Amino acid sequence: MEYCNNVTEFVLLGFTEDPGCRKALFVTFLLTYIVTMVGNLLTVVTVLASPSLGSPMYFFLAYLSLIDAVYSNVISPKLIIDLASAQKTISFSACMGQLFLEHLFGGAEIFLLVAMAYDRYVAICKPLHYITIMNRQVCILLLVVSLAGGFVHSLVQLLFVYNLLFCGPNVIDHFMCDMYPLLELACTDTCVLGLTVVANGGAICMVVFICLLTSYGVILSSLKSHSQEGRCKALSTCGSHITVVVLSFVPCIFIYVRPVSHLSVDKFISVAYMLITPMLNPLIYTLRNSVMTDAMKKILGKEMYNFTQQCVP
């Protein structure tokens, strides 16, 4: 039996059809989006404008914030518009583009967190060789590898779905295009493909998560030989990293490390790592880091002073 791919657009069910709930979600996600963009872009500007933040740790933090800002723009604007619209559709090409960008920046962030863990390992376990090992060339190489890893992961996901046949229905029980909801709509048998998706996305999440927890375990165990002040500083920094890792990976593992299935709860779990985590990352890294906090205060104070001088005749 032959199928023709006659689906040109998908209908996104979103969270609810209740007008009151949609208004509340619209305000909530709009505020989340604004806080995410302001927090992450402020982090990027602070690192770029502050000479005291020239270490590799802040280099990676700036790019993590930049990725979070771009990542949020892939998901949030469409979600917010749909909550305010009666018709929630997305074209086939836009759906494929959203799928590709979502996994591109999500994958790049996962690999960048590995680079940040390696940076902390070198800084704490090999402090005398830190400057030599984590030089600018190595930092740029780790960043490029992170982006390349995200690109390869995303390209594989896209190729899986793009070549599937969709002949109807075209209703997705989600607020965005993702792998499992799309696999359910395909007209062909996707059992083998689903296992490949688990091996690709699920394995990356699980393996990287275990490696990160192991690396931070090694780092924390090495703190016994440090001074009290050094231990407190390292614990504060590692605590921020571990918090971000848990917030990023636990929801991802719940969705992708399981037999292929799409559950209604998945869209609520997706909110955690696609919308909430990018908003919390700059807060976690800045509020627990006095150097970042002081640098932000100086930049904001300088901008407020310049603004005041312009307003005064």
# chains A, B, ... in the order shown; residues from 1 in each chain; ligands from 1
call {"tool": "select_by_dssp", "arguments": {"residues": "range 84-266 of chain A", "states": "alpha helix (DSSP H)", "output": "VMD selection string"}}
result
chain A and resid 92 to 125 130 to 133 136 to 162 179 to 185 191 to 197 203 to 221 228 to 256 266
call {"tool": "residues_around", "arguments": {"residues": "Ala272 in chain A", "least_positions_apart": "2", "cutoff": "10 Å", "atoms": "only C-alpha atoms", "output": "list of chain:residue names"}}
result
A:Leu247, A:Ser248, A:Val250, A:Pro251, A:Cys252, A:Lys267, A:Phe268, A:Ile269, A:Ser270, A:Met274, A:Leu275, A:Ile276, A:Thr277, A:Pro278, A:Met279
call {"tool": "residues_around", "arguments": {"residues": "Ser290 in chain A", "least_positions_apart": "5", "cutoff": "12 Å", "atoms": "only C-alpha atoms", "output": "mmCIF file with N, CA and C atoms, in the first residue's frame"}}
result
data_model
loop_
_atom_site.group_PDB
_atom_site.id
_atom_site.type_symbol
_atom_site.label_atom_id
_atom_site.label_comp_id
_atom_site.auth_asym_id
_atom_site.auth_seq_id
_atom_site.Cartn_x
_atom_site.Cartn_y
_atom_site.Cartn_z
ATOM 1 N N SER A 52 37.458 41.601 34.562
ATOM 2 C CA SER A 52 37.682 40.659 35.651
ATOM 3 C C SER A 52 37.062 39.290 35.380
ATOM 4 N N LEU A 53 36.222 39.205 34.342
ATOM 5 C CA LEU A 53 35.547 37.942 34.020
ATOM 6 C C LEU A 53 36.142 37.318 32.764
ATOM 7 N N LYS A 233 34.581 28.040 48.285
ATOM 8 C CA LYS A 233 34.471 28.642 46.964
ATOM 9 C C LYS A 233 34.171 27.583 45.907
ATOM 10 N N SER A 236 30.595 26.233 46.254
ATOM 11 C CA SER A 236 29.614 27.182 45.739
ATOM 12 C C SER A 236 29.520 27.106 44.216
ATOM 13 N N THR A 237 30.692 27.076 43.558
ATOM 14 C CA THR A 237 30.714 27.009 42.100
ATOM 15 C C THR A 237 30.154 25.681 41.599
ATOM 16 N N ILE A 284 20.895 31.215 38.844
ATOM 17 C CA ILE A 284 21.700 30.269 39.630
ATOM 18 C C ILE A 284 23.172 30.642 39.587
ATOM 19 N N TYR A 285 23.673 30.990 38.400
ATOM 20 C CA TYR A 285 25.101 31.271 38.258
ATOM 21 C C TYR A 285 25.493 32.625 38.832
ATOM 22 N N ALA A 295 30.119 42.515 39.216
ATOM 23 C CA ALA A 295 30.303 43.005 37.850
ATOM 24 C C ALA A 295 28.987 43.518 37.280
ATOM 25 N N MET A 296 27.897 42.815 37.558
ATOM 26 C CA MET A 296 26.585 43.257 37.079
ATOM 27 C C MET A 296 26.182 44.576 37.725
ATOM 28 N N LYS A 297 26.449 44.707 39.008
ATOM 29 C CA LYS A 297 26.110 45.947 39.703
ATOM 30 C C LYS A 297 26.873 47.129 39.111
#
call {"tool": "closest_atom_pairs", "arguments": {"of": "range 190-210 of chain A", "to": "range 155-158 of chain A", "cutoff": "12 Å", "atoms": "only C-alpha atoms", "output": "JSON lines"}}
result
{"residue": "A:Leu193", "atom": "CA", "partner": "A:Gln157", "partner_atom": "CA", "distance": 10.1}
{"residue": "A:Gly194", "atom": "CA", "partner": "A:Gln157", "partner_atom": "CA", "distance": 10.6}
{"residue": "A:Thr196", "atom": "CA", "partner": "A:Gln157", "partner_atom": "CA", "distance": 9.4}
{"residue": "A:Val197", "atom": "CA", "partner": "A:Gln157", "partner_atom": "CA", "distance": 7.2}
{"residue": "A:Val198", "atom": "CA", "partner": "A:Gln157", "partner_atom": "CA", "distance": 10.6}
{"residue": "A:Ala199", "atom": "CA", "partner": "A:Gln157", "partner_atom": "CA", "distance": 11.1}
{"residue": "A:Asn200", "atom": "CA", "partner": "A:Gln157", "partner_atom": "CA", "distance": 8.2}
{"residue": "A:Gly201", "atom": "CA", "partner": "A:Gln157", "partner_atom": "CA", "distance": 8.5}
{"residue": "A:Gly202", "atom": "CA", "partner": "A:Gln157", "partner_atom": "CA", "distance": 12.0}
call {"tool": "write_last_selection", "arguments": {"atoms": "N, CA, C and O atoms", "output": "PDB file, in the first residue's frame"}}
result
ATOM      1  N   LEU A 193      12.556   2.893  14.099  1.00  0.00           N
ATOM      2  CA  LEU A 193      12.983   4.290  14.138  1.00  0.00           C
ATOM      3  C   LEU A 193      12.902   4.843  15.554  1.00  0.00           C
ATOM      4  O   LEU A 193      13.778   5.594  15.998  1.00  0.00           O
ATOM      5  N   GLY A 194      11.856   4.461  16.277  1.00  0.00           N
ATOM      6  CA  GLY A 194      11.712   4.913  17.659  1.00  0.00           C
ATOM      7  C   GLY A 194      12.850   4.446  18.536  1.00  0.00           C
ATOM      8  O   GLY A 194      13.348   5.189  19.384  1.00  0.00           O
ATOM      9  N   THR A 196      15.819   3.846  17.498  1.00  0.00           N
ATOM     10  CA  THR A 196      16.980   4.635  17.084  1.00  0.00           C
ATOM     11  C   THR A 196      16.967   6.006  17.746  1.00  0.00           C
ATOM     12  O   THR A 196      18.016   6.533  18.137  1.00  0.00           O
ATOM     13  N   VAL A 197      15.777   6.583  17.876  1.00  0.00           N
ATOM     14  CA  VAL A 197      15.649   7.882  18.549  1.00  0.00           C
ATOM     15  C   VAL A 197      16.046   7.766  20.013  1.00  0.00           C
ATOM     16  O   VAL A 197      16.752   8.626  20.559  1.00  0.00           O
ATOM     17  N   VAL A 198      15.614   6.682  20.661  1.00  0.00           N
ATOM     18  CA  VAL A 198      16.002   6.453  22.058  1.00  0.00           C
ATOM     19  C   VAL A 198      17.511   6.306  22.165  1.00  0.00           C
ATOM     20  O   VAL A 198      18.150   6.857  23.070  1.00  0.00           O
ATOM     21  N   ALA A 199      18.096   5.562  21.216  1.00  0.00           N
ATOM     22  CA  ALA A 199      19.549   5.366  21.233  1.00  0.00           C
ATOM     23  C   ALA A 199      20.292   6.672  21.002  1.00  0.00           C
ATOM     24  O   ALA A 199      21.386   6.888  21.543  1.00  0.00           O
ATOM     25  N   ASN A 200      19.699   7.570  20.214  1.00  0.00           N
ATOM     26  CA  ASN A 200      20.341   8.848  19.906  1.00  0.00           C
ATOM     27  C   ASN A 200      20.142   9.854  21.039  1.00  0.00           C
ATOM     28  O   ASN A 200      21.091  10.258  21.707  1.00  0.00           O
ATOM     29  N   GLY A 201      18.892  10.248  21.262  1.00  0.00           N
ATOM     30  CA  GLY A 201      18.620  11.257  22.283  1.00  0.00           C
ATOM     31  C   GLY A 201      18.721  10.737  23.700  1.00  0.00           C
ATOM     32  O   GLY A 201      19.351  11.346  24.561  1.00  0.00           O
ATOM     33  N   GLY A 202      18.110   9.566  23.953  1.00  0.00           N
ATOM     34  CA  GLY A 202      18.114   9.023  25.298  1.00  0.00           C
ATOM     35  C   GLY A 202      19.500   8.649  25.789  1.00  0.00           C
ATOM     36  O   GLY A 202      19.860   8.925  26.934  1.00  0.00           O
TER      37      GLY A 202
END
call {"tool": "residues_around", "arguments": {"residues": "range 116-123 of chain A", "least_positions_apart": "4", "cutoff": "9 Å", "atoms": "only C-alpha atoms", "output": "count of residues only"}}
result
23
call {"tool": "residues_around", "arguments": {"residues": "Met176 in chain A", "least_positions_apart": "5", "cutoff": "9 Å", "atoms": "only C-alpha atoms", "output": "JSON, numbers by chain"}}
result
{"A": [12, 14, 75, 78, 79, 90, 95, 98, 99, 267]}
call {"tool": "select_by_dssp", "arguments": {"residues": "range 85-219 of chain A", "states": "strand (DSSP E)", "output": "VMD selection string"}}
result
chain A and resid 89 to 91 171 to 172
call {"tool": "residues_around", "arguments": {"residues": "Phe105 in chain A", "least_positions_apart": "4", "cutoff": "7 Å", "atoms": "only C-alpha atoms", "output": "list in words"}}
result
Ile67, Tyr71, Leu101, Glu109 and Gly150 of chain A
call {"tool": "residues_around", "arguments": {"residues": "Leu41 in chain A", "least_positions_apart": "5", "cutoff": "9 Å", "atoms": "only C-alpha atoms", "output": "list in words"}}
result
Thr36, Thr46, Ala62, Ser65, Leu66 and Ala69 of chain A
call {"tool": "atom_distance", "arguments": {"atom1": "CA of Glu184 in chain A", "atom2": "CA of Pro77 in chain A"}}
result
25.2 Å
call {"tool": "closest_residue", "arguments": {"among": "A:Ile255, A:Val152, A:Ala84, A:Leu147", "to": "Leu25 in chain A", "atoms": "only C-alpha atoms"}}
result
A:Ala84
call {"tool": "atom_distance", "arguments": {"atom1": "CA of Ile242 in chain A", "atom2": "CA of Ala115 in chain A"}}
result
13.4 Å
call {"tool": "decode", "arguments": {"residues": "range 61-76 of chain A", "atoms": "all heavy atoms", "output": "CSV table (one decimal), in the first residue's frame"}}
result
chain,number,residue,atom,x,y,z
A,61,LEU,N,30.2,30.3,30.5
A,61,LEU,CA,29.0,30.8,31.0
A,61,LEU,C,28.3,31.8,30.0
A,61,LEU,O,27.1,31.8,29.8
A,61,LEU,CB,29.2,31.5,32.3
A,61,LEU,CG,28.0,32.2,33.0
A,61,LEU,CD1,26.9,31.1,33.2
A,61,LEU,CD2,28.4,32.8,34.3
A,62,ALA,N,29.1,32.7,29.4
A,62,ALA,CA,28.6,33.6,28.4
A,62,ALA,C,27.9,32.9,27.2
A,62,ALA,O,26.8,33.2,26.8
A,62,ALA,CB,29.7,34.5,27.9
A,63,TYR,N,28.6,31.9,26.7
A,63,TYR,CA,28.0,31.1,25.6
A,63,TYR,C,26.8,30.2,26.0
A,63,TYR,O,25.9,30.0,25.2
A,63,TYR,CB,29.1,30.3,24.9
A,63,TYR,CG,29.9,31.1,24.0
A,63,TYR,CD1,31.2,31.6,24.4
A,63,TYR,CD2,29.4,31.5,22.7
A,63,TYR,CE1,31.9,32.4,23.5
A,63,TYR,CE2,30.2,32.3,21.9
A,63,TYR,CZ,31.4,32.7,22.3
A,63,TYR,OH,32.2,33.6,21.4
A,64,LEU,N,26.8,29.7,27.3
A,64,LEU,CA,25.7,29.0,27.8
A,64,LEU,C,24.5,29.9,27.8
A,64,LEU,O,23.4,29.5,27.4
A,64,LEU,CB,26.0,28.4,29.2
A,64,LEU,CG,24.8,27.7,29.8
A,64,LEU,CD1,24.5,26.4,29.1
A,64,LEU,CD2,25.1,27.4,31.3
A,65,SER,N,24.7,31.1,28.3
A,65,SER,CA,23.6,32.1,28.3
A,65,SER,C,23.1,32.5,26.9
A,65,SER,O,21.9,32.7,26.7
A,65,SER,CB,24.0,33.4,29.1
A,65,SER,OG,24.3,33.1,30.4
A,66,LEU,N,24.0,32.6,26.0
A,66,LEU,CA,23.7,33.0,24.6
A,66,LEU,C,22.8,31.9,24.0
A,66,LEU,O,21.8,32.1,23.3
A,66,LEU,CB,24.9,33.2,23.8
A,66,LEU,CG,24.7,33.7,22.4
A,66,LEU,CD1,23.9,35.0,22.3
A,66,LEU,CD2,26.1,33.8,21.7
A,67,ILE,N,23.3,30.6,24.2
A,67,ILE,CA,22.5,29.5,23.7
A,67,ILE,C,21.1,29.4,24.3
A,67,ILE,O,20.1,29.1,23.6
A,67,ILE,CB,23.3,28.2,24.0
A,67,ILE,CG1,24.5,28.1,23.1
A,67,ILE,CG2,22.4,26.9,23.8
A,67,ILE,CD1,25.4,26.9,23.3
A,68,ASP,N,21.0,29.7,25.6
A,68,ASP,CA,19.7,29.7,26.3
A,68,ASP,C,18.8,30.7,25.7
A,68,ASP,O,17.6,30.5,25.6
A,68,ASP,CB,19.9,29.9,27.8
A,68,ASP,CG,20.2,28.6,28.6
A,68,ASP,OD1,19.9,27.6,28.0
A,68,ASP,OD2,20.8,28.7,29.7
A,69,ALA,N,19.4,31.9,25.4
A,69,ALA,CA,18.6,33.0,24.9
A,69,ALA,C,18.0,32.6,23.5
A,69,ALA,O,16.8,32.8,23.2
A,69,ALA,CB,19.4,34.3,24.8
A,70,VAL,N,18.9,32.0,22.6
A,70,VAL,CA,18.5,31.6,21.3
A,70,VAL,C,17.5,30.5,21.4
A,70,VAL,O,16.5,30.4,20.7
A,70,VAL,CB,19.7,31.3,20.4
A,70,VAL,CG1,19.2,30.8,19.0
A,70,VAL,CG2,20.6,32.4,20.3
A,71,TYR,N,17.8,29.5,22.3
A,71,TYR,CA,16.9,28.3,22.5
A,71,TYR,C,15.5,28.8,22.9
A,71,TYR,O,14.5,28.2,22.4
A,71,TYR,CB,17.6,27.5,23.6
A,71,TYR,CG,16.9,26.1,23.8
A,71,TYR,CD1,16.4,25.4,22.8
A,71,TYR,CD2,17.0,25.6,25.1
A,71,TYR,CE1,15.8,24.2,23.0
A,71,TYR,CE2,16.4,24.3,25.3
A,71,TYR,CZ,15.8,23.6,24.3
A,71,TYR,OH,15.3,22.4,24.5
A,72,SER,N,15.4,29.8,23.8
A,72,SER,CA,14.1,30.3,24.2
A,72,SER,C,13.3,30.9,23.0
A,72,SER,O,12.1,30.8,23.0
A,72,SER,CB,14.3,31.3,25.3
A,72,SER,OG,14.8,30.7,26.4
A,73,ASN,N,14.0,31.5,22.1
A,73,ASN,CA,13.4,32.1,20.9
A,73,ASN,C,12.8,31.1,19.9
A,73,ASN,O,12.0,31.4,19.1
A,73,ASN,CB,14.3,33.0,20.2
A,73,ASN,CG,14.4,34.4,20.8
A,73,ASN,OD1,13.4,35.1,20.9
A,73,ASN,ND2,15.5,34.8,21.3
A,74,VAL,N,13.4,29.8,20.0
A,74,VAL,CA,12.9,28.8,19.2
A,74,VAL,C,11.5,28.3,19.6
A,74,VAL,O,10.6,28.0,18.8
A,74,VAL,CB,13.8,27.6,19.1
A,74,VAL,CG1,13.3,26.4,18.4
A,74,VAL,CG2,15.2,28.0,18.6
A,75,ILE,N,11.2,28.3,20.9
A,75,ILE,CA,10.0,27.7,21.5
A,75,ILE,C,9.0,28.8,22.0
A,75,ILE,O,7.9,28.8,21.6
A,75,ILE,CB,10.4,26.8,22.7
A,75,ILE,CG1,11.4,25.7,22.2
A,75,ILE,CG2,9.1,26.2,23.2
A,75,ILE,CD1,10.9,24.8,21.2
A,76,SER,N,9.5,29.7,22.8
A,76,SER,CA,8.6,30.6,23.5
A,76,SER,C,7.7,31.5,22.7
A,76,SER,O,6.5,31.6,22.9
A,76,SER,CB,9.4,31.5,24.5
A,76,SER,OG,10.0,30.7,25.5
